[in-house]
>>> print(open('run_24.txt').read())   # compact mmCIF, C-alpha atoms
# COMPACT_ATOMS: atom_id res chain seq x y z
CA MET A 29 17.80 -12.08 -4.90
CA PRO A 30 19.08 -14.35 -7.68
CA ARG A 31 18.63 -13.21 -11.24
CA GLY A 32 15.72 -14.48 -13.21
CA LYS A 33 13.40 -15.01 -10.23
CA LYS A 34 10.56 -12.65 -9.57
CA ALA A 35 9.48 -11.69 -6.10
CA ALA A 36 5.96 -12.65 -5.04
CA PRO A 37 3.58 -9.73 -5.13
CA ILE A 38 3.53 -8.03 -1.73
CA GLU A 39 -0.09 -7.03 -1.97
CA ALA A 40 -1.32 -10.62 -2.26
CA ALA A 41 0.72 -11.74 0.76
CA THR A 42 -0.43 -8.90 3.00
CA ALA A 43 -4.07 -9.20 1.95
CA GLU A 44 -4.16 -12.75 3.28
CA ARG A 45 -2.59 -11.77 6.64
CA LYS A 46 -4.82 -8.81 7.41
CA LYS A 47 -6.65 -9.12 10.69
CA PRO A 48 -9.78 -7.22 11.52
CA GLY A 49 -9.00 -3.93 13.27
CA PRO A 50 -10.38 -2.76 16.58
CA LYS A 51 -14.06 -2.02 16.72
CA PRO A 52 -15.02 1.65 16.66
CA LEU A 53 -15.58 3.20 20.07
CA THR A 54 -18.91 4.52 21.22
CA GLU A 55 -19.21 8.13 22.37
CA ALA A 56 -19.28 7.03 26.03
CA GLN A 57 -16.10 4.97 25.54
CA LYS A 58 -14.39 7.91 23.82
CA LYS A 59 -15.27 10.21 26.71
CA GLU A 60 -14.04 7.67 29.27
CA ARG A 61 -10.73 7.21 27.43
CA ALA A 62 -10.28 10.98 27.14
CA LYS A 63 -10.93 11.29 30.89
CA GLN A 64 -8.34 8.56 31.62
CA ARG A 65 -5.76 10.27 29.39
CA ALA A 66 -6.38 13.63 31.11
CA GLU A 67 -5.89 12.00 34.53
CA GLU A 68 -2.65 10.32 33.34
CA ILE A 69 -1.34 13.63 31.98
CA LYS A 70 -2.15 15.41 35.25
CA LYS A 71 -0.50 12.64 37.26
CA ALA A 72 2.60 12.72 35.02
CA GLU A 73 2.94 16.51 35.35
CA ASN A 74 2.72 16.35 39.16
CA MET A 75 4.92 13.27 39.52
CA THR A 76 7.54 13.35 42.24
CA PRO A 77 10.18 10.66 41.86
CA ALA A 78 11.09 8.47 44.82
CA LEU A 79 14.76 8.97 45.66
CA ILE A 80 16.32 6.06 47.50
CA LEU A 81 19.97 5.95 48.58
CA GLN A 82 21.38 2.44 48.85
CA TYR A 83 24.68 1.96 50.61
CA GLN A 84 26.11 -1.13 52.28
CA GLY A 85 22.78 -2.92 52.54
CA ALA A 86 20.81 0.05 53.88
CA ASP A 87 18.04 1.88 52.02
CA VAL A 88 17.39 5.52 52.89
CA ASP A 89 14.44 7.49 51.52
CA LEU A 90 15.88 10.88 50.57
CA GLN A 91 12.48 12.59 50.65
CA GLU A 92 12.18 11.54 54.30
CA LEU A 93 15.62 13.03 54.99
CA ILE A 94 14.54 16.30 53.39
CA GLU A 95 11.52 16.46 55.70
CA ARG A 96 13.68 15.60 58.71
CA ALA A 97 16.18 18.34 57.79
CA LYS A 98 13.33 20.87 57.52
CA ALA A 99 11.95 19.77 60.89
CA ALA A 100 15.37 19.97 62.55
CA PHE A 101 15.87 23.46 61.16
CA LYS A 102 12.40 24.58 62.27
CA GLU A 103 13.11 23.38 65.83
CA GLN A 104 15.97 25.87 66.09
CA HIS A 105 14.66 28.67 63.85
CA LYS A 106 10.89 28.78 64.25
CA ARG A 107 10.25 32.06 62.43
CA THR A 108 12.73 31.70 59.58
CA ARG A 109 11.27 30.57 56.26
CA ILE A 110 13.11 28.00 54.21
CA THR A 111 13.74 29.41 50.75
CA ASP A 112 16.76 27.28 49.87
CA LEU A 113 17.79 23.83 51.11
CA LYS A 114 20.83 21.81 50.13
CA LEU A 115 21.54 18.31 51.47
CA TYR A 116 24.96 16.71 51.40
CA PHE A 117 25.05 12.97 52.03
CA LYS A 118 27.92 11.08 53.62
CA PRO A 119 26.72 7.48 53.51
CA GLU A 120 29.92 6.16 55.08
CA GLU A 121 29.07 8.22 58.19
CA ARG A 122 25.30 7.65 57.82
CA THR A 123 24.88 11.42 58.10
CA ALA A 124 23.27 14.10 55.96
CA TYR A 125 24.44 17.69 56.31
CA TYR A 126 22.08 20.49 55.34
CA VAL A 127 22.44 24.16 54.50
CA VAL A 128 19.32 26.33 54.69
CA ASN A 129 19.07 29.74 53.01
CA GLU A 130 22.84 29.61 52.45
CA SER A 131 23.29 30.75 56.06
CA PHE A 132 22.27 28.03 58.49
CA ASP A 133 23.70 24.54 58.62
CA GLY A 134 23.20 21.38 60.59
CA LYS A 135 23.26 17.62 60.33
CA ILE A 136 20.95 14.67 60.75
CA GLU A 137 21.87 11.05 61.20
CA TYR A 138 20.06 8.21 59.50
>>> encode(input="run_24.txt", output="structure tokens")
Amino acid sequence: MPRGKKAAPIEAATAERKKPGPKPLTEAQKKERAKQRAEEIKKAENMTPALILQYQGADVDLQELIERAKAAFKEQHKRTRITDLKLYFKPEERTAYYVVNESFDGKIEY
């Protein structure tokens, strides 16, 4: 700011620009908003991201491949519980290899 000039008072400028604030909420509106926030929080905590693999123009839903790997394993090992599952993707072969319980392996094509 050049010397000798005084800045305009900030309070006067902001007082002219003030807009009325939001109207106070009623008790029913407050309860409804609290309910909406609680639902959003619950949904955010239980959120499962969609995992999509894109390769050479093809889209593959990784969650679907996980379910297919579980089903393929269960066809061969009906009484064995799945406690650990690892999927390895080879998009150039359009194949996913899986390892279940660090002992059993297999593959599924997509």
>>> closest_residue(input="run_24.txt", among="A:Lys70, A:Lys47, A:Arg96, A:Lys135", to="Thr123 of chain A", atoms="all atoms listed in the file")
A:Lys135
>>> atom_distance(input="run_24.txt", atom1="atom CA of Pro48 of chain A", atom2="atom CA of Glu68 of chain A")
28.9 Å
>>> residues_around(input="run_24.txt", residues="Glu130 of chain A", least_positions_apart="6", cutoff="12 Å", atoms="all atoms listed in the file", output="ChimeraX atom specification")
/A:110-115
>>> closest_residue(input="run_24.txt", among="A:Phe101, A:Gln84, A:Glu67, A:Asp89", to="Glu121 of chain A", atoms="only C-alpha atoms")
A:Gln84
>>> atom_distance(input="run_24.txt", atom1="atom CA of Gly49 of chain A", atom2="atom CA of Ala72 of chain A")
29.7 Å
>>> atom_distance(input="run_24.txt", atom1="atom CA of Leu79 of chain A", atom2="atom CA of Glu92 of chain A")
9.4 Å
>>> closest_residue(input="run_24.txt", among="A:Met75, A:Ala66, A:Leu53, A:Val128", to="Lys102 of chain A", atoms="all atoms listed in the file")
A:Val128
>>> residues_near_point(input="run_24.txt", point="(19.5, 14.8, 54.6)", cutoff="12 Å", atoms="all atoms listed in the file", output="JSON, numbers by chain")
{"A": [79, 80, 81, 88, 89, 90, 91, 92, 93, 94, 95, 96, 97, 98, 99, 100, 101, 113, 114, 115, 116, 117, 118, 119, 122, 123, 124, 125, 126, 127, 128, 133, 134, 135, 136, 137, 138]}
